[in-house]
file upload_15.cif (mmCIF, C-alpha atoms)
data_protein
#
loop_
_atom_site.label_atom_id
_atom_site.label_comp_id
_atom_site.auth_asym_id
_atom_site.auth_seq_id
_atom_site.Cartn_x
_atom_site.Cartn_y
_atom_site.Cartn_z
CA MET A 1 -11.18 5.84 -13.64
CA ASP A 2 -8.48 7.50 -15.71
CA GLY A 3 -7.35 9.86 -12.95
CA VAL A 4 -4.12 11.47 -11.81
CA HIS A 5 -3.77 8.76 -9.14
CA ASP A 6 -2.84 6.32 -11.93
CA MET A 7 0.74 7.54 -12.14
CA GLY A 8 2.72 4.60 -13.51
CA GLY A 9 4.97 5.79 -16.34
CA MET A 10 4.22 9.51 -16.11
CA ASP A 11 7.15 11.88 -16.57
CA GLY A 12 8.00 15.17 -14.96
CA PHE A 13 7.51 14.52 -11.23
CA GLY A 14 11.24 14.76 -10.59
CA LYS A 15 13.67 12.98 -8.33
CA VAL A 16 12.71 10.74 -5.43
CA GLU A 17 13.50 12.75 -2.29
CA VAL A 18 14.31 10.68 0.79
CA GLU A 19 13.89 12.10 4.28
CA LYS A 20 16.50 10.82 6.71
CA ASN A 21 15.17 9.33 9.98
CA GLU A 22 11.60 9.97 8.94
CA PRO A 23 9.11 9.70 11.85
CA PRO A 24 5.95 7.54 11.43
CA PHE A 25 3.84 10.73 11.58
CA HIS A 26 4.88 14.30 10.87
CA ALA A 27 2.13 15.77 13.05
CA PRO A 28 -0.29 14.29 15.59
CA TRP A 29 -3.31 14.83 13.31
CA GLU A 30 -1.81 12.40 10.77
CA GLY A 31 -1.90 9.62 13.36
CA ARG A 32 -5.52 10.47 14.21
CA VAL A 33 -6.51 10.23 10.53
CA LEU A 34 -4.81 6.88 10.10
CA ALA A 35 -6.32 5.52 13.33
CA MET A 36 -9.82 6.76 12.44
CA GLN A 37 -9.52 5.08 9.06
CA ARG A 38 -8.56 1.82 10.77
CA ALA A 39 -11.40 2.16 13.29
CA MET A 40 -14.07 2.92 10.67
CA GLY A 41 -12.80 0.02 8.53
CA TYR A 42 -12.96 -2.32 11.52
CA ALA A 43 -16.48 -1.08 12.30
CA GLY A 44 -17.56 -2.03 8.77
CA ALA A 45 -18.44 1.54 7.75
CA TRP A 46 -16.77 1.17 4.35
CA HIS A 47 -14.21 -0.89 2.51
CA ILE A 48 -10.63 0.00 1.61
CA ASP A 49 -11.63 0.34 -2.06
CA HIS A 50 -14.25 2.93 -1.06
CA SER A 51 -11.41 4.93 0.46
CA ARG A 52 -9.28 4.54 -2.64
CA PHE A 53 -12.16 5.51 -4.94
CA ALA A 54 -12.95 8.57 -2.81
CA GLN A 55 -9.34 9.72 -3.20
CA GLU A 56 -9.41 9.07 -6.93
CA LYS A 57 -12.49 11.28 -7.23
CA LEU A 58 -10.76 14.27 -5.62
CA PRO A 59 -10.20 17.08 -8.14
CA PRO A 60 -6.79 16.48 -9.78
CA LEU A 61 -5.31 19.66 -8.35
CA SER A 62 -6.41 18.67 -4.84
CA TYR A 63 -5.00 15.19 -5.29
CA LEU A 64 -1.63 16.49 -6.42
CA GLY A 65 -1.52 19.55 -4.19
CA THR A 66 -2.21 18.00 -0.79
CA SER A 67 -0.26 15.68 1.48
CA TYR A 68 -0.95 11.98 1.80
CA TYR A 69 -2.90 12.16 5.05
CA GLN A 70 -4.79 15.25 3.86
CA ARG A 71 -6.04 13.08 1.00
CA TRP A 72 -7.06 10.43 3.50
CA MET A 73 -8.92 13.06 5.51
CA MET A 74 -10.78 14.37 2.45
CA ALA A 75 -11.67 10.84 1.35
CA MET A 76 -12.93 10.11 4.84
CA GLU A 77 -15.11 13.22 4.84
CA SER A 78 -16.63 12.05 1.53
CA ASN A 79 -17.31 8.56 2.80
CA VAL A 80 -18.73 9.83 6.10
CA THR A 81 -21.15 12.24 4.44
CA GLU A 82 -22.00 10.38 1.22
CA ARG A 83 -22.66 7.13 3.08
CA GLY A 84 -24.81 8.90 5.66
CA TYR A 85 -22.67 8.48 8.79
CA ALA A 86 -22.83 12.24 9.47
CA THR A 87 -23.96 15.33 7.61
CA PRO A 88 -21.71 18.03 6.13
CA GLU A 89 -23.32 20.43 8.61
CA GLU A 90 -22.25 18.24 11.53
CA LEU A 91 -18.66 18.10 10.26
CA LYS A 92 -18.70 21.85 9.77
CA ALA A 93 -20.06 22.42 13.29
CA GLY A 94 -17.68 19.85 14.77
CA HIS A 95 -20.49 18.19 16.71
CA ALA A 96 -23.08 15.51 16.12
CA LYS A 97 -26.69 16.65 16.05
CA THR A 98 -28.29 13.20 15.92
CA ALA A 99 -27.37 9.68 17.02
CA GLY A 100 -25.22 7.52 14.73
CA LYS A 101 -26.28 4.65 12.50
CA ASN A 102 -25.78 1.09 13.66
CA LEU A 103 -22.49 -0.48 12.62
CA PRO A 104 -21.58 -4.18 12.89
CA ARG A 105 -18.89 -3.58 15.53
CA LYS A 106 -16.68 -1.02 17.20
CA LEU A 107 -12.93 -0.83 17.71
CA THR A 108 -12.35 -0.54 21.46
CA PRO A 109 -9.00 -0.68 23.31
CA ASP A 110 -9.43 -4.37 24.21
CA VAL A 111 -9.66 -5.42 20.54
CA VAL A 112 -7.01 -3.10 19.08
CA GLU A 113 -4.79 -6.08 18.25
CA ALA A 114 -7.53 -7.31 15.89
CA GLY A 115 -7.89 -3.82 14.45
CA LEU A 116 -4.21 -3.84 13.54
CA SER A 117 -4.47 -7.06 11.55
CA ARG A 118 -5.39 -6.97 7.91
CA SER A 119 -8.55 -8.82 7.08
CA SER A 120 -8.51 -11.57 4.52
CA PHE A 121 -9.55 -10.74 0.97
CA TYR A 122 -10.09 -14.38 -0.01
CA ARG A 123 -13.63 -15.19 -1.13
CA GLN A 124 -15.43 -18.30 -2.27
CA GLN A 125 -14.71 -19.01 -5.92
CA GLN A 126 -17.64 -18.58 -8.32
CA GLY A 127 -16.14 -20.66 -11.13
CA PRO A 128 -13.02 -22.50 -12.22
CA GLN A 129 -9.73 -20.67 -12.65
CA LYS A 130 -9.26 -19.74 -16.32
CA PHE A 131 -5.48 -19.29 -16.40
CA LYS A 132 -2.43 -21.01 -14.99
CA PRO A 133 1.21 -19.98 -14.61
CA GLY A 134 2.89 -19.84 -18.02
CA ASP A 135 -0.24 -18.80 -19.93
CA LYS A 136 0.06 -15.86 -22.31
CA VAL A 137 -2.64 -13.28 -21.67
CA ARG A 138 -3.70 -9.91 -23.02
CA THR A 139 -4.99 -7.28 -20.59
CA ALA A 140 -8.28 -5.59 -21.34
CA ASN A 141 -8.56 -2.18 -22.97
CA ILE A 142 -11.00 -0.81 -20.42
CA HIS A 143 -11.56 2.75 -19.25
CA PRO A 144 -14.31 2.60 -16.63
CA ALA A 145 -15.34 5.93 -15.13
CA THR A 146 -15.30 4.18 -11.75
CA HIS A 147 -12.65 2.45 -9.62
CA THR A 148 -10.43 -0.18 -11.23
CA ARG A 149 -7.08 -1.70 -10.29
CA LEU A 150 -5.87 -2.22 -13.83
CA PRO A 151 -3.38 0.63 -14.36
CA ARG A 152 -3.45 2.51 -17.66
CA TYR A 153 0.13 1.60 -18.57
CA ALA A 154 -0.76 -2.09 -18.49
CA ARG A 155 -3.95 -2.07 -20.58
CA ASP A 156 -4.15 -3.92 -23.89
CA LYS A 157 -0.70 -5.48 -23.30
CA VAL A 158 0.49 -9.06 -23.63
CA GLY A 159 2.09 -10.69 -20.61
CA VAL A 160 2.59 -14.04 -18.95
CA VAL A 161 0.78 -15.38 -15.89
CA GLU A 162 3.33 -16.10 -13.19
CA MET A 163 1.30 -16.86 -10.06
CA CYS A 164 -2.29 -17.39 -9.02
CA HIS A 165 -3.20 -15.86 -5.65
CA GLY A 166 -6.60 -17.53 -5.24
CA CYS A 167 -9.99 -15.94 -5.44
CA HIS A 168 -10.40 -12.42 -4.00
CA MET A 169 -13.11 -9.82 -3.62
CA TYR A 170 -13.19 -7.68 -6.76
CA PRO A 171 -12.37 -3.97 -6.15
CA ASP A 172 -14.17 -2.77 -9.29
CA SER A 173 -17.44 -4.15 -7.83
CA VAL A 174 -16.82 -3.39 -4.17
CA ALA A 175 -16.03 0.29 -4.74
CA THR A 176 -19.35 0.82 -6.50
CA ASP A 177 -21.42 -1.12 -3.95
CA ARG A 178 -22.08 -4.06 -6.28
CA GLY A 179 -20.88 -6.67 -3.80
CA ASP A 180 -17.73 -8.78 -3.48
CA ASN A 181 -18.14 -10.44 -6.88
CA PRO A 182 -15.13 -12.75 -6.19
CA GLN A 183 -12.56 -13.15 -8.98
CA TRP A 184 -9.35 -15.10 -9.47
CA LEU A 185 -6.23 -13.01 -8.99
CA TYR A 186 -2.97 -13.48 -10.89
CA THR A 187 0.49 -11.93 -11.06
CA VAL A 188 1.06 -11.12 -14.73
CA VAL A 189 4.56 -10.17 -15.88
CA PHE A 190 5.39 -7.98 -18.89
CA ASP A 191 8.57 -7.38 -20.81
CA SER A 192 9.51 -3.68 -20.59
CA ARG A 193 9.35 -3.33 -24.39
CA GLU A 194 5.74 -4.48 -24.47
CA LEU A 195 4.85 -1.63 -22.08
CA TRP A 196 7.32 1.10 -23.04
CA GLY A 197 8.33 0.40 -26.62
CA PRO A 198 11.50 -0.72 -28.38
CA ASP A 199 13.78 1.76 -26.60
CA ALA A 200 12.91 0.47 -23.13
CA ASP A 201 15.57 -1.01 -20.83
CA PRO A 202 15.72 -4.67 -22.00
CA THR A 203 16.73 -5.91 -18.52
CA LEU A 204 13.45 -4.67 -17.04
CA LYS A 205 10.36 -6.73 -16.28
CA ILE A 206 7.23 -5.38 -14.65
CA SER A 207 4.37 -7.26 -13.05
CA ILE A 208 0.91 -6.28 -11.91
CA ASP A 209 -1.66 -8.26 -9.96
CA ALA A 210 -4.60 -8.67 -12.30
CA PHE A 211 -8.11 -9.91 -11.60
CA GLU A 212 -9.45 -12.44 -14.09
CA PRO A 213 -11.94 -10.02 -15.75
CA TYR A 214 -8.93 -7.91 -16.77
CA LEU A 215 -7.48 -10.78 -18.85
CA VAL A 216 -8.13 -12.70 -22.06
CA LYS A 217 -6.08 -15.52 -23.55
CA ALA A 218 -3.42 -14.23 -25.97
CA MET B 1 -14.62 23.98 4.74
CA ALA B 2 -14.63 27.49 6.19
CA HIS B 3 -11.66 28.44 8.30
CA ASP B 4 -12.16 32.18 8.43
CA HIS B 5 -12.53 32.27 12.18
CA THR B 6 -9.38 30.41 13.10
CA HIS B 7 -6.85 33.11 12.38
CA ASP B 8 -6.61 34.49 15.84
CA HIS B 9 -3.04 35.65 15.77
CA ASP B 10 -3.07 36.82 19.36
CA HIS B 11 -2.87 33.23 20.54
CA GLY B 12 -0.02 30.78 20.16
CA SER B 13 -2.42 27.87 19.63
CA GLU B 14 -3.67 28.66 16.16
CA LEU B 15 -4.95 25.53 14.47
CA THR B 16 -4.64 24.95 10.77
CA GLU B 17 -7.67 24.18 8.65
CA THR B 18 -6.50 20.57 8.41
CA GLN B 19 -6.16 20.20 12.18
CA LEU B 20 -9.66 21.61 12.63
CA ARG B 21 -11.18 19.30 10.06
CA VAL B 22 -9.50 16.25 11.58
CA ARG B 23 -10.63 17.29 15.05
CA ALA B 24 -14.19 17.78 13.77
CA LEU B 25 -14.16 14.31 12.21
CA GLU B 26 -12.93 12.70 15.41
CA THR B 27 -15.44 14.54 17.61
CA VAL B 28 -18.40 13.83 15.36
CA LEU B 29 -17.53 10.16 14.80
CA THR B 30 -16.99 9.72 18.55
CA GLU B 31 -20.27 11.43 19.48
CA LYS B 32 -22.05 9.28 16.92
CA GLY B 33 -20.67 6.22 18.69
CA TYR B 34 -18.64 4.84 15.75
CA ILE B 35 -15.14 5.22 17.20
CA ASP B 36 -13.43 5.24 20.61
CA PRO B 37 -10.60 7.78 21.01
CA ALA B 38 -8.77 5.45 23.43
CA ALA B 39 -8.58 2.81 20.68
CA LEU B 40 -7.20 5.47 18.32
CA ASP B 41 -4.48 6.26 20.88
CA ALA B 42 -3.53 2.58 20.97
CA ILE B 43 -3.40 2.34 17.15
CA VAL B 44 -1.15 5.41 16.91
CA GLU B 45 1.10 4.08 19.66
CA ALA B 46 1.43 0.70 17.93
CA TYR B 47 2.64 2.32 14.70
CA GLU B 48 4.99 4.63 16.62
CA THR B 49 6.55 1.94 18.78
CA LYS B 50 5.87 -1.63 17.63
CA ILE B 51 5.09 -2.00 13.95
CA GLY B 52 8.16 -1.08 11.96
CA PRO B 53 10.86 -2.45 9.67
CA ARG B 54 12.54 -4.40 12.49
CA ASN B 55 9.70 -6.92 12.06
CA GLY B 56 10.76 -7.52 8.47
CA ALA B 57 14.46 -7.45 9.35
CA VAL B 58 14.15 -10.40 11.72
CA VAL B 59 12.30 -12.34 9.02
CA VAL B 60 15.07 -11.65 6.50
CA ALA B 61 17.78 -12.51 9.04
CA ARG B 62 16.13 -15.83 9.79
CA ALA B 63 15.89 -16.62 6.08
CA TRP B 64 19.60 -15.87 5.73
CA ALA B 65 20.52 -18.04 8.70
CA ASN B 66 18.11 -20.91 8.17
CA PRO B 67 17.76 -22.53 4.70
CA GLU B 68 14.60 -24.41 5.71
CA PHE B 69 12.93 -21.19 6.80
CA LYS B 70 14.05 -19.45 3.62
CA LYS B 71 12.42 -22.18 1.56
CA ALA B 72 9.22 -21.87 3.56
CA LEU B 73 9.27 -18.07 3.28
CA LEU B 74 9.60 -18.12 -0.51
CA ALA B 75 6.91 -20.81 -0.79
CA ASP B 76 4.36 -19.06 1.48
CA ALA B 77 5.48 -15.89 3.23
CA THR B 78 2.21 -15.47 5.14
CA LYS B 79 2.57 -18.89 6.75
CA ALA B 80 6.31 -18.60 7.36
CA VAL B 81 6.04 -15.19 9.03
CA ALA B 82 3.06 -16.32 11.10
CA SER B 83 5.16 -19.27 12.32
CA MET B 84 7.54 -16.79 13.98
CA GLY B 85 4.60 -15.95 16.20
CA HIS B 86 5.71 -12.66 17.70
CA MET B 87 4.31 -10.06 15.34
CA SER B 88 0.85 -8.91 14.45
CA ARG B 89 -0.89 -11.07 11.90
CA VAL B 90 0.28 -10.23 8.39
CA GLY B 91 -2.97 -10.90 6.65
CA ASP B 92 -3.32 -13.67 4.14
CA HIS B 93 -1.47 -12.25 1.20
CA LEU B 94 2.25 -11.73 1.78
CA VAL B 95 4.74 -12.78 -0.94
CA ALA B 96 8.54 -12.73 -0.47
CA VAL B 97 10.63 -12.22 -3.61
CA GLU B 98 14.31 -13.13 -3.65
CA ASN B 99 17.18 -11.05 -4.95
CA THR B 100 19.93 -13.05 -6.65
CA PRO B 101 23.13 -12.10 -8.50
CA LYS B 102 20.96 -12.21 -11.66
CA ARG B 103 17.85 -10.45 -10.46
CA HIS B 104 17.00 -7.38 -8.39
CA ASN B 105 13.42 -6.91 -7.17
CA MET B 106 11.70 -3.62 -6.40
CA ILE B 107 8.22 -2.98 -4.94
CA VAL B 108 5.87 -0.12 -5.83
CA CYS B 109 2.20 0.78 -5.78
CA THR B 110 1.54 3.06 -8.77
CA LEU B 111 -2.19 3.47 -7.99
CA CYS B 112 -2.04 4.36 -4.28
CA SER B 113 0.34 3.32 -1.54
CA CYS B 114 0.01 -0.45 -0.93
CA TYR B 115 2.85 -1.59 1.30
CA PRO B 116 3.45 -4.51 3.69
CA TRP B 117 2.66 -2.55 6.87
CA GLU B 118 2.87 -5.51 9.22
CA VAL B 119 6.49 -6.26 8.32
CA LEU B 120 7.77 -2.79 7.36
CA GLY B 121 5.56 -0.38 9.32
CA LEU B 122 4.07 2.66 7.64
CA PRO B 123 5.46 3.58 4.24
CA PRO B 124 7.85 6.54 4.05
CA VAL B 125 6.66 9.69 2.28
CA TRP B 126 8.83 9.05 -0.78
CA TYR B 127 7.18 5.64 -1.34
CA LYS B 128 3.76 7.36 -1.53
CA SER B 129 5.04 10.25 -3.64
CA ALA B 130 4.42 10.95 -7.32
CA PRO B 131 8.12 10.75 -8.31
CA TYR B 132 8.46 7.18 -7.02
CA ARG B 133 5.04 5.93 -8.14
CA SER B 134 5.44 7.34 -11.65
CA ARG B 135 9.03 6.28 -12.36
CA ALA B 136 9.46 2.95 -10.59
CA VAL B 137 7.73 0.97 -13.36
CA LYS B 138 9.42 2.74 -16.28
CA ASP B 139 12.84 3.84 -15.07
CA PRO B 140 13.68 1.78 -11.98
CA ARG B 141 17.41 2.09 -12.61
CA GLY B 142 17.04 5.87 -12.55
CA VAL B 143 15.11 5.60 -9.28
CA LEU B 144 17.85 3.36 -7.87
CA ASN B 145 20.38 6.04 -8.86
CA ASP B 146 18.41 8.51 -6.72
CA PHE B 147 19.10 6.09 -3.87
CA GLY B 148 22.80 5.90 -4.76
CA ILE B 149 22.59 2.42 -6.25
CA ASP B 150 24.05 1.44 -9.57
CA LEU B 151 23.23 -2.16 -10.50
CA PRO B 152 25.36 -4.14 -12.98
CA LYS B 153 24.15 -3.55 -16.55
CA ASP B 154 23.08 -7.17 -17.06
CA THR B 155 21.15 -7.63 -13.82
CA GLU B 156 17.46 -8.20 -14.48
CA VAL B 157 15.36 -5.58 -12.72
CA ARG B 158 11.94 -6.87 -11.71
CA VAL B 159 9.36 -4.37 -10.53
CA TRP B 160 6.27 -5.60 -8.66
CA ASP B 161 3.34 -3.17 -8.88
CA SER B 162 1.05 -3.91 -5.90
CA THR B 163 -2.24 -3.44 -7.73
CA ALA B 164 -4.31 -5.83 -5.57
CA GLU B 165 -4.22 -6.96 -1.92
CA THR B 166 -1.10 -9.07 -2.34
CA ARG B 167 1.81 -7.48 -0.48
CA PHE B 168 5.45 -7.99 -1.37
CA ILE B 169 8.68 -7.97 0.61
CA VAL B 170 12.13 -8.27 -0.97
CA LEU B 171 14.50 -10.87 0.43
CA PRO B 172 17.87 -9.21 -0.21
CA MET B 173 21.10 -11.13 -0.77
CA ARG B 174 23.02 -11.97 2.37
CA PRO B 175 26.18 -9.85 2.52
CA ALA B 176 29.48 -11.72 2.26
CA GLY B 177 31.57 -11.79 5.42
CA THR B 178 28.66 -12.59 7.73
CA GLU B 179 29.30 -16.31 8.14
CA GLY B 180 28.43 -17.52 11.60
CA TRP B 181 26.61 -14.31 12.57
CA SER B 182 23.61 -14.59 14.90
CA GLU B 183 20.15 -13.74 13.54
CA ASP B 184 20.09 -10.71 15.79
CA LYS B 185 23.35 -9.36 14.39
CA LEU B 186 22.26 -10.14 10.83
CA ALA B 187 18.98 -8.27 11.37
CA ASP B 188 20.98 -5.13 12.15
CA LEU B 189 22.18 -5.13 8.53
CA VAL B 190 18.67 -5.25 7.09
CA THR B 191 17.35 -1.79 6.25
CA ARG B 192 13.78 -0.86 5.36
CA ASP B 193 14.84 0.18 1.87
CA CYS B 194 16.56 -3.13 1.10
CA MET B 195 13.23 -4.87 1.78
CA ILE B 196 11.48 -2.49 -0.69
CA GLY B 197 14.26 -2.99 -3.21
CA THR B 198 15.50 0.61 -3.22
CA GLY B 199 18.45 -0.22 -1.01
CA LEU B 200 21.00 -2.90 -0.22
CA PRO B 201 21.81 -4.40 3.20
CA LEU B 202 24.39 -2.51 5.25
CA ASP B 203 28.06 -3.35 4.78
CA PRO B 204 29.03 -5.83 7.54
CA GLY B 205 32.55 -4.37 7.59
CA ALA B 206 31.11 -1.04 8.69
CA LYS B 207 29.27 -2.55 11.68
#

call {"tool": "encode", "arguments": {"input": "upload_15.cif", "output": "structure tokens"}}
result
Amino acid sequence: MDGVHDMGGMDGFGKVEVEKNEPPFHAPWEGRVLAMQRAMGYAGAWHIDHSRFAQEKLPPLSYLGTSYYQRWMMAMESNVTERGYATPEELKAGHAKTAGKNLPRKLTPDVVEAGLSRSSFYRQQQGPQKFKPGDKVRTANIHPATHTRLPRYARDKVGVVEMCHGCHMYPDSVATDRGDNPQWLYTVVFDSRELWGPDADPTLKISIDAFEPYLVKA
Amino acid sequence: MAHDHTHDHDHGSELTETQLRVRALETVLTEKGYIDPAALDAIVEAYETKIGPRNGAVVVARAWANPEFKKALLADATKAVASMGHMSRVGDHLVAVENTPKRHNMIVCTLCSCYPWEVLGLPPVWYKSAPYRSRAVKDPRGVLNDFGIDLPKDTEVRVWDSTAETRFIVLPMRPAGTEGWSEDKLADLVTRDCMIGTGLPLDPGAK
């Protein structure tokens, strides 16, 4: 979706401010949010792209006006209630009124090591790879109202395939509960002038990782 | 969510709306049987004490000290890092990109906050912030100036936008004057930011 989360190339956000000796968490609740997210992911309650999509659907002013872990919290509340893991009334009351749904597994202290590891996103290929390194490609001019990982600044642009990362689950499908729909994944590199016009810094090159449905031969 | 009843100013333990909502989530999800608070404690502790940029620094130091390892790292970072054996599994999709006198690499995630957690720990706030996410792909030299770095005019700047599940780590250039240094000593020069591409390794003369 064409939301405020898709920030590449926007102006006006100001200087990058670095905090010296930044702690991993600025308050204990931030750690709880992160850990709950990990635990619910491990349990199979939802996928990472469901979390991303839930954040993207936050009202723009909420997205921009809240902190990072507040966004995570709000996205988690959406996924918990919209996917039927608890009701809004239960969250409001702070207590469960009924038993939970069955989930494939549960993160317990003895398997935390596994919960800390990223799962693999590789999936069985559904067809032959269309592109190879060196191929010129044009990115699609798509504007789905749902989750996509093709950023606005890199749509309808010509670039060159640099790497193929194998076949991965496809976020655009996963986030809308249409299954893994595995797709080939490529790093595609663009000259700055293709993205930002003739006045762009000529020493700059930008790459994205693009799923095959985002690309056509150029 | 309503928070009208939390403003009890006679007590020192006033909770913010956010704290209450997070507590409600944890209680409800625990009572439903989905999560175990003891496992959450362990996750938090791991990110506070074990999973941080030192993991990446020892990888970079080994690549500096050992040409065979460097070759393996650039060919398949997932496999090379896994071969070191002592850190949590990095997932299947790590790519190391090498800085050279001709090319400087920088990592960003314009759409959210993708970051190689297993080798760098949790991303700093600035990495997840709108200023960095918006400017890194259009004005990386300006961003580098915010970090006090001024690259030569003819250096190619290559920005990697982490738009899928591939994760990137920058292999910075080994500082001159470190010949014969141990991997441990070399790792002390490797900062988090130099592995994101918004910094350079520390000056060995200053160590």

call {"tool": "resolve_selection", "arguments": {"input": "upload_15.cif", "expression": "the PyMOL selection byres ((chain A and resi 218) around 8)", "output": "ChimeraX atom specification"}}
result
/A:136-138,158,216-217

call {"tool": "resolve_selection", "arguments": {"input": "upload_15.cif", "expression": "the PyMOL selection byres ((chain B and resi 169-179) around 6)", "output": "list in words"}}
result
Ala96, Val97, Glu98, Asn99, Phe168, Gly180, Trp181, Met195 and Ile196 of chain B

call {"tool": "residues_around", "arguments": {"input": "upload_15.cif", "residues": "B:Leu111", "least_positions_apart": "3", "cutoff": "9 Å", "atoms": "only C-alpha atoms", "output": "PDB file with C-alpha atoms, in the frame of the given file"}}
result
ATOM      1  CA  HIS A   5      -3.770   8.760  -9.140  1.00  0.00           C
ATOM      2  CA  ASP A   6      -2.840   6.320 -11.930  1.00  0.00           C
ATOM      3  CA  MET A   7       0.740   7.540 -12.140  1.00  0.00           C
ATOM      4  CA  GLY A   8       2.720   4.600 -13.510  1.00  0.00           C
ATOM      5  CA  ARG A  52      -9.280   4.540  -2.640  1.00  0.00           C
ATOM      6  CA  ARG A 149      -7.080  -1.700 -10.290  1.00  0.00           C
ATOM      7  CA  LEU A 150      -5.870  -2.220 -13.830  1.00  0.00           C
ATOM      8  CA  PRO A 151      -3.380   0.630 -14.360  1.00  0.00           C
TER       9      PRO A 151
ATOM     10  CA  CYS B 114       0.010  -0.450  -0.930  1.00  0.00           C
ATOM     11  CA  ARG B 133       5.040   5.930  -8.140  1.00  0.00           C
ATOM     12  CA  ASP B 161       3.340  -3.170  -8.880  1.00  0.00           C
ATOM     13  CA  SER B 162       1.050  -3.910  -5.900  1.00  0.00           C
ATOM     14  CA  THR B 163      -2.240  -3.440  -7.730  1.00  0.00           C
TER      15      THR B 163
END

call {"tool": "resolve_selection", "arguments": {"input": "upload_15.cif", "expression": "the PyMOL selection byres ((chain B and resi 38) around 10)", "output": "list of chain:residue names"}}
result
A:Leu107, A:Thr108, A:Pro109, A:Asp110, A:Val112, B:Ile35, B:Asp36, B:Pro37, B:Ala39, B:Leu40, B:Asp41, B:Ala42, B:Ile43

call {"tool": "closest_residue", "arguments": {"input": "upload_15.cif", "among": "A:Leu61, A:Val189, A:Val16, A:Ile142", "to": "chain B", "atoms": "all atoms listed in the file"}}
result
A:Val16

call {"tool": "atom_distance", "arguments": {"input": "upload_15.cif", "atom1": "atom CA of A:Tyr153", "atom2": "atom CA of A:Ala140"}}
result
11.4 Å

call {"tool": "residues_around", "arguments": {"input": "upload_15.cif", "residues": "stretch 145-157 of chain B", "least_positions_apart": "2", "cutoff": "7 Å", "atoms": "all atoms listed in the file", "output": "list in words"}}
result
Lys15, Val16, Thr203, Leu204 and Lys205 of chain A; Lys102, Arg103, His104, Asn105, Arg141, Gly142, Val143, Val159, Thr198 and Gly199 of chain B

call {"tool": "axis_aligned_box", "arguments": {"input": "upload_15.cif", "around": "stretch 116-135 of chain A", "padding_each_side": "6 Å", "output": "AutoDock Vina command-line options"}}
result
--center_x -7.4 --center_y -13.2 --center_z -3.2 --size_x 32.5 --size_y 30.7 --size_z 45.5

call {"tool": "atom_distance", "arguments": {"input": "upload_15.cif", "atom1": "atom CA of A:Arg83", "atom2": "atom CA of A:Val111"}}
result
25.1 Å

call {"tool": "closest_residue", "arguments": {"input": "upload_15.cif", "among": "B:Gly121, B:Gly85, B:Gly197, B:Gly33", "to": "B:Arg158", "atoms": "all atoms listed in the file"}}
result
B:Gly197

call {"tool": "closest_residue", "arguments": {"input": "upload_15.cif", "among": "B:Gly52, B:Cys109, B:Val58, B:Ser134", "to": "chain A", "atoms": "all atoms listed in the file"}}
result
B:Ser134

call {"tool": "atom_distance", "arguments": {"input": "upload_15.cif", "atom1": "atom CA of A:Arg178", "atom2": "atom CA of A:Met163"}}
result
26.9 Å

call {"tool": "closest_residue", "arguments": {"input": "upload_15.cif", "among": "A:Leu215, A:Leu58, A:Leu185, A:Ala99", "to": "A:Met169", "atoms": "all atoms listed in the file"}}
result
A:Leu185

call {"tool": "residues_around", "arguments": {"input": "upload_15.cif", "residues": "B:Ala63", "least_positions_apart": "6", "cutoff": "9 Å", "atoms": "all atoms listed in the file", "output": "list in words"}}
result
Phe69, Lys70, Lys71, Ala72, Leu73 and Leu171 of chain B

call {"tool": "closest_residue", "arguments": {"input": "upload_15.cif", "among": "A:Thr139, A:Asn181, A:Gln37, A:Gln129", "to": "chain B", "atoms": "all atoms listed in the file"}}
result
A:Gln37

call {"tool": "residues_around", "arguments": {"input": "upload_15.cif", "residues": "B:Ser113", "least_positions_apart": "6", "cutoff": "8 Å", "atoms": "all atoms listed in the file", "output": "compact mmCIF listing (two decimals) with C-alpha atoms, keeping the file's coordinate frame"}}
result
# COMPACT_ATOMS: atom_id res chain seq x y z
CA PRO B 123 5.46 3.58 4.24
CA TYR B 127 7.18 5.64 -1.34
CA LYS B 128 3.76 7.36 -1.53
